[in-house]
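Peer 1: I am attaching a structure below and will ask some questions about it afterwards.
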Number of protein chains: 2
Amino acid sequence: MPATKPTAEVPPNNGSLGGAIDAIIAAFEQEEGAMTDKKRRIVEAAIHCFAEKGYAATATNTIARRAGVAEGTIFRHFETKKDLLVRLVRPLFARGLVPLVAEELKIESERAGGDLRTFMRAILGNRLAFADRFAPLVRILIQEMRFHAELREAVAESFPAALQQAADRVLQPYIANGQIRPVEPAFFLRSVISLFVGYYVLRTEVLPMQTWDDEAEIARIVDLMLDGLRPR
Amino acid sequence: MPATKPTAEVPPNNGSLGGAIDAIIAAFEQEEGAMTDKKRRIVEAAIHCFAEKGYAATATNTIARRAGVAEGTIFRHFETKKDLLVRLVRPLFARGLVPLVAEELKIESERAGGDLRTFMRAILGNRLAFADRFAPLVRILIQEMRFHAELREAVAESFPAALQQAADRVLQPYIANGQIRPVEPAFFLRSVISLFVGYYVLRTEVLPMQTWDDEAEIARIVDLMLDGLRPR
DNA sequence: TACGTTTGTAAGTGATTACTCACATTACAT
DNA sequence: ATGTAATGTGAGTAATCACTTACAAACGTA
């Protein structure tokens with residue numbers, strides 16, 4: 001135990017992030033091994049602060065106070081503030097997000113029994129729940145990617161190849177049996193992602209107080225992708 | 001003239017932003033009236049820095065050096081750093097972006113002579129050129145919106161209402177004459193915007209060194225919206 | 001119990017921050 | 001020419017920044 005015992009100014013695990021933090025912490029521990037209580041609180045506080053105010057506008061001092069920890073303790077566990085940022089986001093790639101996506105794509109594809117519409121609805125609903133769980137981390141990633149080459153490289157390395165490959169494999173059968181016309185998998189992929197992310201940003205960032213019907217929106221997106229706006 | 005004459009460390013109007021700055025400066029002057037040479041250079045430098053490093057990570061000191069101006073001069077023209085940010089982005093709304101969009105929607109709609117496909121291609125191509133011209137400002141806006149209530153309010157005030165209304169008016173005839181099925185204009189709007197922005201971000205931020213065929217992509221997007229992926 | 005390692009702390013460090021102020025120069029109307 | 005307001009300067013200023021350091025407590029192991 002430390003020499004003295006400061007108390008956190010903010011109780012752990014409260015606030016708008018809710019239980020999402022737990023999932024993130026779990027992913028983090030899977031990546032870095034077991035953590036001290038204080039280290040875990042630092043990670044929590046950092047995610048909270050970075051997501052809320054942005055990396056550059058967050059002082060290490062603030063993170064320490066929110067975590068109920070001395071400022072020096074942060075630098076006991078993380079070499080620099082930037083190291084903290086990078087290691088926070090890492091679990092999204094290595095074992096966290098990307099392999100999971102590829103895996104679930106395969107599983108859901110088989111479960112859908114060859115019906116593209118069923119498959120897409122399942123995947124999008126799934127991804128929405130995922131995005132909600134990891135929202136703070138994803139926010140940080142998107143926000144800071146432009147300013148930190150390390151993050152950009154991590155994304156460029158793990159994202160496109162895996163996803164492209166998965167989309168390619170998944171789409172092939174549906175094109176073969178005539179459910180959709182031949183289309184570049186890359187275009188298919190970025191269309192789905194654009195529609196999905198566009199809805200997500202609108203729902204959570206631009207008009208968060210409005211009530212949204214996720215299921216209906218997913219159905220609309222799938223219908224748009226498969227049938228367009230042509231009269232039926 | 002000033003007491004002493006510092007020289008800019010960076011020549012005006014160079015760099016990756018190219019001539020885009022000129023259009024922005026023009027919009028700014030239309031909003032705030034004529035400017036001193038030094039004030040114009042401060043605006044240029046600020047846009048450059050904010051777009052490149054983000055608001056929080058940019059020091060007023062840096063802006064001054066880039067503009068070839070004493071630091072105090074910035075605060076002669078702008079009350080605070082935040083005031084500088086807010087006033088920079090303002091031209092996008094008041095007289096700049098939003099009314100222009102609504103106006104052009106109407107014009108292009110008439111010119112298309114009732115063919116939705118022609119209309120959408122014209123509008124999207126048009127918007128792409130626009131986005132390229134105002135890219136730095138749009139970048140700043142998107143980046144900082146989450147952290148500054150003033151920006152969020154400006155967007156919420158001027159964007160949705162005008163666009164929603166315009167989309168509503170433009171779509172009605174095409175639904176009436178059976179070119180597309182009845183669809184919520186809001187969904188139509190956010191779908192087009194999502195696909196467009198998704199492509200734009202991919203082209204300019206994620207994979208900027210790759211070569212892109214804007215016209216082909218616009219055609220793909222329009223086809224997707226109108227016909228989906230159904231075999232033809 | 002003894003002891004080396006890990007974890008934690010409080011009080012710094014110099015550098016950088018946004019912003020001020022007393023003063024100099026310029027523009028312009030008279 | 002003269003006076004006044006607008007414009008510009010550069011040396012401050014207190015606050016804040018990321019990070020260090022000297023030391024103490026706690027832990028694992030024997």
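Letters A, B, ... go to the chains of the structure tokens in the order shown; residues in each chain start at 1; ligands are counted from 1 in the same order.
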Within 6 Å of chain A, which residues of chain B show up? Give each one with its shortest atom-to-atom distance in Å (one decimal) and the two atoms involved, counting only C-alpha atoms, rows by chain then rising residue number, as a tab-separated table.

Peer 2:
```
residue	atom	partner	partner_atom	distance
B:Ala56	CA	A:Ala57	CA	5.6
B:Ala57	CA	A:Ala56	CA	5.7
B:Ile180	CA	A:Arg230	CA	4.9
B:Arg181	CA	A:Pro231	CA	4.4
B:Ser194	CA	A:Gly198	CA	4.9
B:Leu195	CA	A:Ser194	CA	5.4
B:Gly198	CA	A:Ser194	CA	4.9
B:Leu224	CA	A:Gly228	CA	5.9
B:Met225	CA	A:Gly228	CA	4.9
B:Leu226	CA	A:Gly228	CA	4.7
B:Asp227	CA	A:Gly228	CA	4.3
B:Gly228	CA	A:Gly228	CA	3.6
B:Leu229	CA	A:Leu226	CA	4.9
B:Arg230	CA	A:Ile180	CA	4.9
B:Pro231	CA	A:Arg181	CA	4.4
```

Peer 1: Please, which residues of chain C lie no more than 9 Å from chain A when the count uses only C-alpha atoms (C1' of nucleotides), and can they be set out as a ChimeraX atom specification?

Peer 2: /C:7-10

Peer 1: List the spatial neighbours of range 14-22 of chain C as a list in words - criterion: any atom at most 10 Å away, only C-alpha atoms (C1' of nucleotides), same-chain residues fewer than 5 positions off excluded.

Peer 2: Ala59, Thr60, Asn61, Glu71, Gly72, Phe75, Glu79, Thr80 and Lys81 of chain B; DA11, DG12, DT13, DA15, DT16, DC17 and DA18 of chain D

Peer 1: Only residues of chain D matter here; which ones have an atom within 9 Å of chain A, counting only C-alpha atoms (C1' of nucleotides)? Give them as a list in words.

Peer 2: DC17, DA18, DC19, DT20, DA24, DA25 and DA26 of chain D

Peer 1: Find the residues around Ala162 in chain B up to 12 Å (only C-alpha atoms (C1' of nucleotides) counted), leave out those fewer than 6 positions away in its own chain, and share them as an NGL selection string.

Peer 2: :B and (93 or 97-103 or 105 or 155-156 or 168-169 or 186 or 189)

Peer 1: Pick from A:Ala20, A:Ala34, A:Ala26, A:Ala216: nearest to Gly125 in chain A, with only C-alpha atoms counted?

Peer 2: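 The answer is A:Ala216, which sits nearest to Gly125 in chain A.
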